[in-house]
Each structure stands twice: as structure tokens, then as C-alpha cells.
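Data file: coords_1.txt. Format and content: compact mmCIF, C-alpha atoms.
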# COMPACT_ATOMS: atom_id res chain seq x y z
CA MET A 238 112.93 116.17 54.24
CA THR A 239 112.55 112.45 53.65
CA TRP A 240 110.92 109.56 55.51
CA VAL A 241 113.40 107.70 57.73
CA SER A 242 112.66 104.29 59.27
CA ILE A 243 114.04 103.76 62.79
CA PRO A 244 114.02 100.29 64.41
CA ALA A 245 112.01 100.13 67.62
CA ALA A 246 115.13 99.15 69.57
CA ASP A 247 116.98 102.34 68.59
CA ALA A 248 118.60 103.96 71.63
CA ARG A 249 116.83 107.26 70.86
CA VAL A 250 113.46 105.67 71.62
CA ARG A 251 112.72 105.63 75.36
CA TYR A 252 110.35 103.15 76.98
CA VAL A 253 108.64 103.35 80.36
CA GLY A 254 107.36 100.01 81.61
CA ARG A 255 108.31 96.44 80.89
CA THR A 256 109.47 95.55 77.39
CA TYR A 257 111.82 93.07 75.75
CA ARG A 258 113.64 93.03 72.45
CA ALA A 259 112.79 90.33 69.95
CA ASP A 260 113.95 89.81 66.38
CA THR A 261 110.73 91.43 65.21
CA GLY A 262 110.85 94.51 67.44
CA VAL A 263 110.14 95.62 71.01
CA VAL A 264 107.43 93.58 72.75
CA PHE A 265 105.17 94.63 75.63
CA SER A 266 101.73 93.93 77.07
CA HIS A 267 101.18 95.70 80.40
CA PRO A 268 98.97 98.80 80.52
CA GLY A 269 100.82 102.06 80.91
CA VAL A 270 103.83 101.04 78.82
CA THR A 271 104.83 104.28 77.12
CA VAL A 272 106.99 104.95 74.07
CA HIS A 273 108.68 108.37 74.21
CA MET A 274 110.23 110.00 71.16
CA ARG A 275 111.40 113.44 70.05
CA PHE A 276 111.97 114.38 66.44
CA TRP A 277 112.71 117.27 64.12
CA GLY A 278 110.25 117.31 61.26
CA ASP A 279 106.51 117.45 60.60
CA ALA A 280 105.15 113.86 60.78
CA VAL A 281 105.73 110.47 62.37
CA ARG A 282 104.21 106.99 61.94
CA MET A 283 104.64 103.69 63.73
CA ARG A 284 104.65 100.12 62.47
CA LEU A 285 103.05 97.78 64.96
CA ASP A 286 102.38 94.04 64.95
CA ASP A 287 99.54 93.39 67.36
CA ALA A 288 98.41 90.09 68.86
CA GLY A 289 94.98 91.28 69.97
CA ALA A 290 92.07 89.29 68.60
CA GLY A 291 90.02 92.36 67.69
CA GLY A 292 86.43 93.16 68.61
CA ASP A 293 85.11 94.89 71.69
CA VAL A 294 87.26 92.87 74.10
CA GLY A 295 90.35 92.03 72.04
CA THR A 296 91.34 95.38 70.49
CA ASN A 297 94.40 97.09 71.93
CA HIS A 298 94.01 100.82 72.45
CA PHE A 299 96.67 103.50 72.83
CA ASP A 300 96.74 107.15 73.78
CA VAL A 301 98.82 109.30 71.43
CA VAL A 302 100.07 112.58 72.90
CA VAL A 303 101.75 115.11 70.59
CA ASP A 304 103.60 118.06 72.13
CA GLY A 305 101.70 117.69 75.40
CA ALA A 306 98.24 118.10 73.83
CA PRO A 307 95.26 116.07 75.11
CA PRO A 308 95.59 112.38 74.19
CA ARG A 309 94.05 110.99 71.02
CA LEU A 310 92.65 107.46 71.27
CA LEU A 311 94.07 104.98 68.78
CA ALA A 312 92.53 101.52 68.24
CA VAL A 313 94.88 99.12 66.45
CA ARG A 314 94.12 96.15 64.20
CA PRO A 315 95.17 92.55 64.75
CA GLY A 316 98.42 91.75 62.94
CA PRO A 317 100.87 94.11 61.21
CA GLY A 318 99.79 97.68 60.56
CA SER A 319 101.06 101.21 60.03
CA TYR A 320 99.59 104.10 62.04
CA VAL A 321 99.97 107.85 61.71
CA LEU A 322 100.90 109.34 65.07
CA ALA A 323 101.24 112.94 63.91
CA SER A 324 101.09 114.72 60.56
CA GLY A 325 100.91 118.24 59.18
CA LEU A 326 102.90 119.66 62.08
CA PRO A 327 104.93 122.86 61.65
CA VAL A 328 108.48 121.84 60.83
CA GLY A 329 110.41 121.86 64.08
CA LEU A 330 111.12 119.90 67.25
CA HIS A 331 108.22 117.77 68.52
CA THR A 332 107.59 115.17 71.21
CA VAL A 333 105.28 112.17 70.90
CA GLU A 334 104.17 109.68 73.54
CA VAL A 335 102.39 106.42 72.71
CA PHE A 336 100.71 105.04 75.85
CA LYS A 337 99.22 101.52 75.99
CA ARG A 338 95.83 101.66 77.67
CA THR A 339 94.85 98.01 77.50
CA GLU A 340 96.26 95.17 79.58
CA SER A 341 97.82 91.81 78.85
CA LEU A 342 94.55 89.90 78.54
CA VAL A 343 93.70 92.05 75.49
CA GLY A 344 96.93 91.12 73.72
CA THR A 345 100.65 91.68 73.35
CA SER A 346 101.97 94.42 71.06
CA THR A 347 105.23 94.54 69.12
CA LEU A 348 106.55 97.90 68.01
CA VAL A 349 108.46 97.17 64.81
CA ALA A 350 109.69 100.62 63.79
CA LEU A 351 109.06 104.35 63.79
CA GLU A 352 108.96 106.27 60.53
CA VAL A 353 109.88 109.93 60.85
CA HIS A 354 109.47 112.62 58.21
CA GLY A 355 112.58 114.36 59.40
CA GLU A 356 115.12 113.27 62.01
CA LEU A 357 114.78 111.42 65.33
CA ARG A 358 116.43 113.12 68.30
CA GLU A 359 117.22 112.08 71.87
CA PRO A 360 114.10 112.12 74.06
CA PRO A 361 113.90 114.07 77.34
CA ARG A 362 114.75 112.06 80.44
CA HIS A 363 112.69 111.76 83.60
CA THR A 364 114.51 113.00 86.70
CA GLY A 365 111.87 112.48 89.41
CA PRO A 366 111.03 109.41 91.52
CA ARG A 367 109.96 106.10 90.01
CA MET A 368 106.89 104.24 91.24
CA GLU A 369 105.72 100.72 90.54
CA PHE A 370 102.10 99.63 90.94
CA VAL A 371 101.51 95.90 91.32
CA GLY A 372 98.00 94.49 91.29
CA ASP A 373 94.94 93.26 89.46
CA SER A 374 92.17 94.83 87.36
CA ILE A 375 91.80 97.83 89.69
CA THR A 376 95.43 98.79 89.12
CA CYS A 377 94.98 98.16 85.38
CA GLY A 378 92.26 100.83 85.20
CA TYR A 379 89.51 98.36 84.29
CA GLY A 380 86.41 100.15 83.01
CA THR A 381 87.40 103.61 84.24
CA ASP A 382 85.97 105.43 81.19
CA VAL A 383 82.46 104.27 82.12
CA THR A 384 80.39 105.51 85.07
CA PHE A 385 77.27 103.56 85.98
CA VAL A 386 75.18 104.55 89.02
CA PRO A 387 73.40 101.42 90.28
CA GLU A 388 69.94 101.45 91.78
CA SER A 389 70.74 98.59 94.14
CA SER A 390 73.52 96.15 94.98
CA SER A 391 72.00 93.67 92.53
CA SER A 392 72.04 96.06 89.56
CA LYS A 393 73.96 94.78 86.55
CA ALA A 394 76.80 97.07 85.46
CA PRO A 395 78.14 97.12 81.88
CA GLY A 396 80.72 94.43 81.07
CA PHE A 397 84.32 94.84 80.00
CA THR A 398 85.22 96.57 76.75
CA ALA A 399 88.81 97.30 75.79
CA LYS A 400 88.23 100.90 74.77
CA HIS A 401 87.03 101.83 78.25
CA GLN A 402 90.16 100.60 80.05
CA ASN A 403 92.09 103.74 80.90
CA PRO A 404 95.03 103.62 83.33
CA ARG A 405 95.35 107.41 83.09
CA ARG A 406 92.22 107.59 85.23
CA SER A 407 93.43 104.97 87.71
CA TYR A 408 94.62 105.62 91.26
CA GLY A 409 98.16 104.57 90.31
CA TRP A 410 98.61 107.00 87.45
CA LEU A 411 96.95 109.81 89.39
CA THR A 412 99.09 109.16 92.46
CA ALA A 413 102.29 109.19 90.42
CA ARG A 414 101.27 112.46 88.75
CA ARG A 415 100.58 114.07 92.11
CA LEU A 416 104.04 113.07 93.34
CA GLY A 417 105.91 113.99 90.17
CA ALA A 418 106.80 110.35 89.61
CA GLU A 419 106.98 108.07 86.61
CA ALA A 420 104.60 105.11 86.90
CA VAL A 421 105.17 101.49 85.89
CA PHE A 422 102.27 99.02 86.05
CA VAL A 423 102.63 95.28 86.65
CA CYS A 424 99.05 94.08 86.81
CA TYR A 425 96.64 91.49 85.47
CA SER A 426 92.86 91.29 85.83
CA GLY A 427 91.52 88.34 87.76
CA HIS A 428 94.86 87.33 89.27
CA GLY A 429 95.63 87.02 92.96
CA VAL A 430 98.36 86.34 95.47
CA TYR A 431 97.66 82.65 96.16
CA ARG A 432 94.57 82.01 94.03
CA ASN A 433 93.00 83.70 91.05
CA LEU A 434 89.37 84.73 90.69
CA ASP A 435 88.61 81.50 88.81
CA LEU A 436 90.34 79.47 91.58
CA SER A 437 93.28 78.61 89.31
CA THR A 438 96.78 78.93 90.74
CA SER A 439 98.85 79.57 87.62
CA GLY A 440 100.02 83.05 86.68
CA LEU A 441 99.68 84.39 90.21
CA LEU A 442 100.75 87.98 90.76
CA PRO A 443 104.11 87.06 92.35
CA ASP A 444 104.83 85.01 89.21
CA VAL A 445 103.63 87.78 86.90
CA TYR A 446 106.03 90.12 88.68
CA GLU A 447 109.02 88.04 87.59
CA ARG A 448 108.22 88.31 83.87
CA VAL A 449 108.30 91.01 81.22
CA VAL A 450 105.05 89.84 79.66
CA PRO A 451 102.79 87.72 81.89
CA ASP A 452 102.06 85.02 79.32
CA ALA A 453 105.60 84.63 77.93
CA PRO A 454 108.47 82.81 79.72
CA ILE A 455 110.86 85.76 79.58
CA ASP A 456 112.23 87.03 82.89
CA TRP A 457 112.40 90.72 83.69
CA ASP A 458 115.91 92.09 84.20
CA PHE A 459 115.89 93.48 87.75
CA SER A 460 119.37 94.94 87.32
CA ASN A 461 117.63 98.01 85.90
CA ASP A 462 117.07 100.91 88.30
CA SER A 463 114.85 99.94 91.23
CA PRO A 464 111.66 101.89 91.90
CA ASP A 465 111.64 104.32 94.80
CA VAL A 466 108.15 103.22 95.85
CA ILE A 467 106.29 99.96 95.16
CA VAL A 468 102.54 99.89 95.78
CA ILE A 469 100.94 96.45 96.07
CA ASN A 470 97.17 96.43 95.69
CA ALA A 471 96.50 92.69 95.76
CA GLY A 472 94.15 90.35 97.56
CA THR A 473 90.83 91.35 95.97
CA ASN A 474 90.66 88.27 93.77
CA ASP A 475 91.85 86.02 96.59
CA THR A 476 88.90 87.38 98.56
CA PHE A 477 86.24 87.20 95.83
CA ALA A 478 87.18 83.73 94.50
CA GLY A 479 85.25 80.62 95.42
CA ALA A 480 81.63 81.75 95.09
CA GLY A 481 79.35 78.72 95.37
CA THR A 482 82.17 76.33 96.26
CA ALA A 483 83.69 74.79 99.37
CA ALA A 484 86.58 77.23 98.89
CA PHE A 485 84.31 80.25 99.43
CA LEU A 486 86.48 81.61 102.22
CA PRO A 487 90.13 82.38 101.46
CA ASP A 488 92.69 80.27 103.28
CA GLU A 489 94.63 82.30 105.83
CA ALA A 490 97.72 80.12 105.92
CA ALA A 491 97.97 79.88 102.15
CA PHE A 492 97.44 83.60 101.61
CA LYS A 493 99.89 84.63 104.29
CA ALA A 494 102.55 82.23 103.07
CA ALA A 495 102.30 83.54 99.48
CA TYR A 496 102.15 87.22 100.47
CA ARG A 497 105.02 86.82 102.95
CA THR A 498 107.19 85.17 100.30
CA PHE A 499 106.35 87.95 97.85
CA LEU A 500 107.34 90.66 100.34
CA THR A 501 110.62 88.88 100.99
CA ARG A 502 111.30 88.63 97.27
CA LEU A 503 110.53 92.31 96.71
CA ARG A 504 112.86 93.32 99.51
CA THR A 505 115.65 91.16 98.07
CA LEU A 506 115.20 92.72 94.64
CA HIS A 507 114.72 96.29 95.88
CA PRO A 508 116.62 96.82 99.16
CA ARG A 509 115.94 100.58 99.38
CA ALA A 510 112.40 100.82 98.01
CA HIS A 511 109.45 101.81 100.15
CA ILE A 512 106.82 99.06 99.84
CA VAL A 513 103.24 100.18 100.43
CA CYS A 514 100.68 97.40 100.93
CA THR A 515 97.08 98.39 100.29
CA LEU A 516 93.81 96.74 99.33
CA GLY A 517 90.79 98.15 97.63
CA SER A 518 88.53 99.67 96.89
CA MET A 519 86.11 96.92 95.78
CA THR A 520 86.57 95.15 99.14
CA ASP A 521 88.40 95.61 102.40
CA GLY A 522 89.12 91.88 102.37
CA SER A 523 86.35 90.74 104.70
CA LYS A 524 84.20 87.74 103.83
CA ARG A 525 81.61 85.89 105.90
CA MET A 526 79.84 82.59 105.44
CA GLU A 527 76.95 81.11 107.39
CA ARG A 528 76.14 77.42 107.16
CA GLN A 529 73.68 75.50 109.34
CA GLY A 530 73.51 78.40 111.76
CA VAL A 531 77.28 78.62 112.18
CA ALA A 532 79.04 81.76 110.92
CA THR A 533 82.68 81.77 109.86
CA SER A 534 84.67 84.62 108.42
CA ALA A 535 87.99 85.65 106.94
CA HIS A 536 89.64 89.04 106.51
CA VAL A 537 92.37 89.40 103.91
CA GLY A 538 92.86 93.06 104.83
CA ASP A 539 93.64 92.15 108.44
CA TRP A 540 96.04 89.47 107.24
CA ILE A 541 97.93 92.04 105.16
CA SER A 542 98.14 94.33 108.21
CA GLU A 543 99.53 91.47 110.29
CA LEU A 544 102.14 90.63 107.65
CA VAL A 545 103.31 94.24 107.43
CA ALA A 546 103.57 94.42 111.22
CA GLU A 547 105.53 91.18 111.17
CA ARG A 548 108.10 92.60 108.75
CA GLN A 549 108.35 95.81 110.74
CA ARG A 550 109.09 93.81 113.91
CA GLN A 551 111.83 92.09 111.94
CA GLY A 552 113.42 95.48 111.30
CA ASP A 553 112.07 96.43 107.86
CA ALA A 554 111.14 100.07 108.37
CA ARG A 555 110.39 100.60 104.67
CA VAL A 556 107.28 98.44 104.43
CA HIS A 557 103.99 100.18 105.19
CA ARG A 558 100.27 99.43 105.44
CA HIS A 559 97.85 101.81 103.75
CA VAL A 560 94.13 101.28 104.34
CA MET A 561 92.05 102.09 101.27
CA ALA A 562 88.42 103.16 101.79
CA MET A 563 85.83 100.98 100.08
CA GLN A 564 83.97 102.43 97.11
CA ASN A 565 80.49 103.92 97.46
CA PRO A 566 78.73 102.96 94.22
CA PHE A 567 75.57 104.92 95.01
CA VAL A 568 77.52 108.17 95.41
CA ASP A 569 80.44 107.81 92.99
CA GLY A 570 79.07 105.19 90.60
CA VAL A 571 81.06 102.22 89.33
CA GLY A 572 82.97 101.37 86.19
CA GLU A 573 82.50 98.22 84.16
CA ASP A 574 81.71 95.04 86.13
CA TRP A 575 81.41 97.05 89.36
CA HIS A 576 85.02 98.18 89.29
CA PRO A 577 85.92 101.56 90.83
CA SER A 578 84.72 104.56 88.86
CA ALA A 579 86.99 107.41 87.85
CA ALA A 580 85.61 109.39 90.81
CA THR A 581 86.53 106.58 93.20
CA HIS A 582 90.01 106.33 91.68
CA GLN A 583 90.43 110.06 92.33
CA LYS A 584 89.60 109.51 96.01
CA MET A 585 91.94 106.52 96.14
CA ALA A 586 94.75 108.62 94.66
CA GLU A 587 94.18 111.47 97.10
CA SER A 588 94.41 109.12 100.06
CA LEU A 589 97.39 107.16 98.75
CA SER A 590 99.31 110.29 97.71
CA ARG A 591 98.99 111.82 101.17
CA PHE A 592 100.11 108.56 102.73
CA ILE A 593 103.18 108.22 100.49
CA GLN A 594 104.13 111.88 101.02
CA ASP A 595 104.13 111.23 104.76
CA VAL A 596 106.24 108.09 104.24
CA LEU A 597 108.81 109.86 102.06
CA HIS A 598 108.88 113.10 104.05
CA PRO A 599 107.99 112.27 107.66

Show the structure stored in the file as C-alpha cells.
Amino acid sequence: MTWVSIPAADARVRYVGRTYRADTGVVFSHPGVTVHMRFWGDAVRMRLDDAGAGGDVGTNHFDVVVDGAPPRLLAVRPGPGSYVLASGLPVGLHTVEVFKRTESLVGTSTLVALEVHGELREPPRHTGPRMEFVGDSITCGYGTDVTFVPESSSSKAPGFTAKHQNPRRSYGWLTARRLGAEAVFVCYSGHGVYRNLDLSTSGLLPDVYERVVPDAPIDWDFSNDSPDVIVINAGTNDTFAGAGTAAFLPDEAAFKAAYRTFLTRLRTLHPRAHIVCTLGSMTDGSKRMERQGVATSAHVGDWISELVAERQRQGDARVHRHVMAMQNPFVDGVGEDWHPSAATHQKMAESLSRFIQDVLHP
């Protein structure tokens, strides 16, 4: 056998998740993007050009799964590099999956080529349902490989590190696995529906949804197969934004207008998809402010419920409201920066899976 170089855009390489073809290779950034390959031989490598900055926060990490074995964690270097995915295998037919764990804020990756010691074959195809999970850091699996049990609500949890972001332990991935579905993630930490956590209004989630890579002006081609189920877990950053400012409380009119427009756009793009609107589990969307003895409040979760009911009254029977329980840090711990722990994600997945099963098979 000899080493054979196969361009990343070769039709025998199957991708799950959002990618685009550039002159240099196949580009992607969202967590959960997976490269599937099957080959006859005993070894395979990949050539990758990575835009991550390196270090604890800027290093892209991948899971490498060979023949269904437990995943092996691969940290990649900034810039061009070659990485062994499998070696010393018995000569024969093998499958390899390369799964991006880290999200867009860590950096974009470009798969340049695969190098097979043998022959690349057609990969197996997925025949089950397709699910799309749209959201923020919770959907991205932020900090799920860390569990910190706080002593009080003021305890300081560990901060973000790239190697601990693991979408395989997130509610989205777990839900898809329970339902025999293939999962696609469109998510970005800190981003919201009408305002981001830092109060900026660029790169909002409805805008991110239109693109292949959030920070590149390349539109996603929606003529591809539509998902069977779309889960939107958005509104957490809209709720949390504004600490210490006059914009502490989210604006009901602005949020509803943006969310309503997003639902309309999703229905236009995906006429037959079930759209499940949820929120959590870091907040249920409630926020209260007291100033000079006068209390005012807002409730993003209630607004989402009202918007779903509005669409249902208009005749859209395929949009649904799922209520996600809030996390209990003192029982289940938290991940990095007080994000849901793996145990909380398990509970989220159990609840969401039951709900979607009832929606699909009433």
C-alpha cells in the first residue's frame, strides 16, 4: 500500500454541520461539525490549517473516533499542521470520525486534505431524522467537562478553557442520540436574539443562522435538506445583559420583534420542520429590578411562550414551547462560568427528548 492524498472536498468525505469550500480546503467553525470517512488500509492522517490563536482559550480541540471506539482528544496547533488520526490498524475497512468540540470564538478550521495509507471508500450514510440546535454557549457545550460544586451563589467557578468545551455532553447531542437523529449546531457564546451579553447588537443569533461561519460573510445554502426538528434555546444572553446599566431589564418590544421575525424566517426556510422553542437552564428568563422602592420586572420566558401561542393561533401547528427546568448548582454542580454541568445537560436532554417524542408521535 502507498500513501494517497485526498482533497478535503472529495465527494467520498462526508460532513455533518455547516461547511464551505474555499480554494484552500473545506472551512468550518461551529462545534459539532463532523468529518466522516471510511477507508481500506491501516492508517490515515489529516492536514489542517487552523486559525485558533493557541493557548488555553484559543486552541481548537477535536474528538477522533476510530471504528466506534471511545473518542481520543486532539488539540491542534495554530496554522498548518499534519495530524495522525489512526495508525497501526489491521489492514481492512475502517471508519474515522473527526468531531470539532470547540466553537467559533476559538477559531475557524480548514481541512486541507486527508492522507490515507490505502484507499478511501464511500462513507456510510445517515438514514434517521435530522435535528438542528440553535443557541448560545449552553448549546455549544461550554465548560461541560468540568464540574464545580459551589458553596454559595457567590462562589467563583472556573473560567472558560477550550479543552473543556464538549458538545458530546450537551443537551443537544444527548437529545439527538436518544432520538436516533443526526445533530447540527448553530450556536455562539454570548450572543442573543436582539442583544448580546455585552449589549452589542452585531452578530445576533438570527444573523449567525444565515451564515456558514459566524464571522465570515458567506451565506449558508438552505437548499440543502431541511432539518426535521429545530430547537431554539435562545434568550439567556438577552436576559443577562445590561448588569449595572440603564438597560438592565430586557426590552419586551425589541425582543419580541426580533424573535417573531426569526420564527417567521425559520418557517419560510423550513416549511415542514417542527420548531421547538425552549430556554435554559441558566435562567427561566425572569429578571427583577428595584429602584427607589419601585420594583419592575421582565420575563423573557413568558415572552417566548406568548410568541409561540401567537404563531399557533395563526395556524402554525408545528411550533412548540418547551419549558426547561433551571439548573440546581448545589445538587448537580456547574460547568465553567456557572454554565450547566454535564449532569444538568443530562436532565435537560431527558426532558427535551420526551417532549420531542410526544411532538413527533402524539

Can you work out which one of A:Leu342, A:Ala546, A:Ala259, A:Val294 has the shortest atom-to-atom distance to Ile455 (chain A), counting all atoms listed in the file?
-> A:Ala259

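With distances taken over all atoms listed in the file, A:Asp279 is the one residue among A:Asp247, A:Asp279, A:Glu369, A:Glu489 lying closest to His331 (chain A).
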
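Pairwise distance (CA of Pro566 (chain A), CA of Leu436 (chain A)) equals 26.3 Å.
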
When you draw a straight line from CA of Val556 (chain A) to CA of Ile512 (chain A), how long is it in Å?
-> 4.7 Å

Would you list the contacts of Arg509 (chain A) as a PDB file with C-alpha atoms, in the frame of the given file, taking every protein, DNA or RNA residue within 8 Å and counting all atoms listed in the file, but skipping same-chain residues closer than 2 positions in sequence?
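After the write, selection-v1.pdb holds the following:
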ATOM      1  CA  ASP A 465     111.640 104.320  94.800  1.00  0.00           C
ATOM      2  CA  ARG A 504     112.860  93.320  99.510  1.00  0.00           C
ATOM      3  CA  HIS A 507     114.720  96.290  95.880  1.00  0.00           C
ATOM      4  CA  HIS A 511     109.450 101.810 100.150  1.00  0.00           C
ATOM      5  CA  ARG A 555     110.390 100.600 104.670  1.00  0.00           C
TER       6      ARG A 555
END

Shortest interatomic distance to Asp287 (chain A) - which of A:Ala413, A:Val430, A:Leu348, A:Ala245, counting only C-alpha atoms |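 Selected residue with least distance to Asp287 (chain A): A:Leu348.
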
What separation in Å, quoted to one decimal, exists between CA of Arg448 (chain A) and CA of Phe499 (chain A)?
->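 Interatomic distance here is 14.1 Å.
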
Please return, as an mmCIF file with C-alpha atoms, in the frame of the given file, all polymer residues that have at least one atom within 10 Å of the point (87.3, 79.2, 101.5); use all atoms listed in the file and the file's own coordinate frame.
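Done, and the output landed in out.cif:
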data_model
loop_
_atom_site.group_PDB
_atom_site.id
_atom_site.type_symbol
_atom_site.label_atom_id
_atom_site.label_comp_id
_atom_site.auth_asym_id
_atom_site.auth_seq_id
_atom_site.Cartn_x
_atom_site.Cartn_y
_atom_site.Cartn_z
ATOM 1 C CA ASP A 475 91.850 86.020 96.590
ATOM 2 C CA THR A 476 88.900 87.380 98.560
ATOM 3 C CA PHE A 477 86.240 87.200 95.830
ATOM 4 C CA ALA A 478 87.180 83.730 94.500
ATOM 5 C CA GLY A 479 85.250 80.620 95.420
ATOM 6 C CA ALA A 480 81.630 81.750 95.090
ATOM 7 C CA THR A 482 82.170 76.330 96.260
ATOM 8 C CA ALA A 483 83.690 74.790 99.370
ATOM 9 C CA ALA A 484 86.580 77.230 98.890
ATOM 10 C CA PHE A 485 84.310 80.250 99.430
ATOM 11 C CA LEU A 486 86.480 81.610 102.220
ATOM 12 C CA PRO A 487 90.130 82.380 101.460
ATOM 13 C CA ASP A 488 92.690 80.270 103.280
ATOM 14 C CA GLU A 489 94.630 82.300 105.830
ATOM 15 C CA LYS A 524 84.200 87.740 103.830
ATOM 16 C CA ARG A 525 81.610 85.890 105.900
ATOM 17 C CA MET A 526 79.840 82.590 105.440
ATOM 18 C CA THR A 533 82.680 81.770 109.860
ATOM 19 C CA SER A 534 84.670 84.620 108.420
ATOM 20 C CA ALA A 535 87.990 85.650 106.940
#

Using only C-alpha atoms, determine which residues lie at most 12 Å from Tyr257 (chain A), disregarding the query and same-chain residues fewer than 5 positions distant; provide the list as a count of residues only.
-> 23
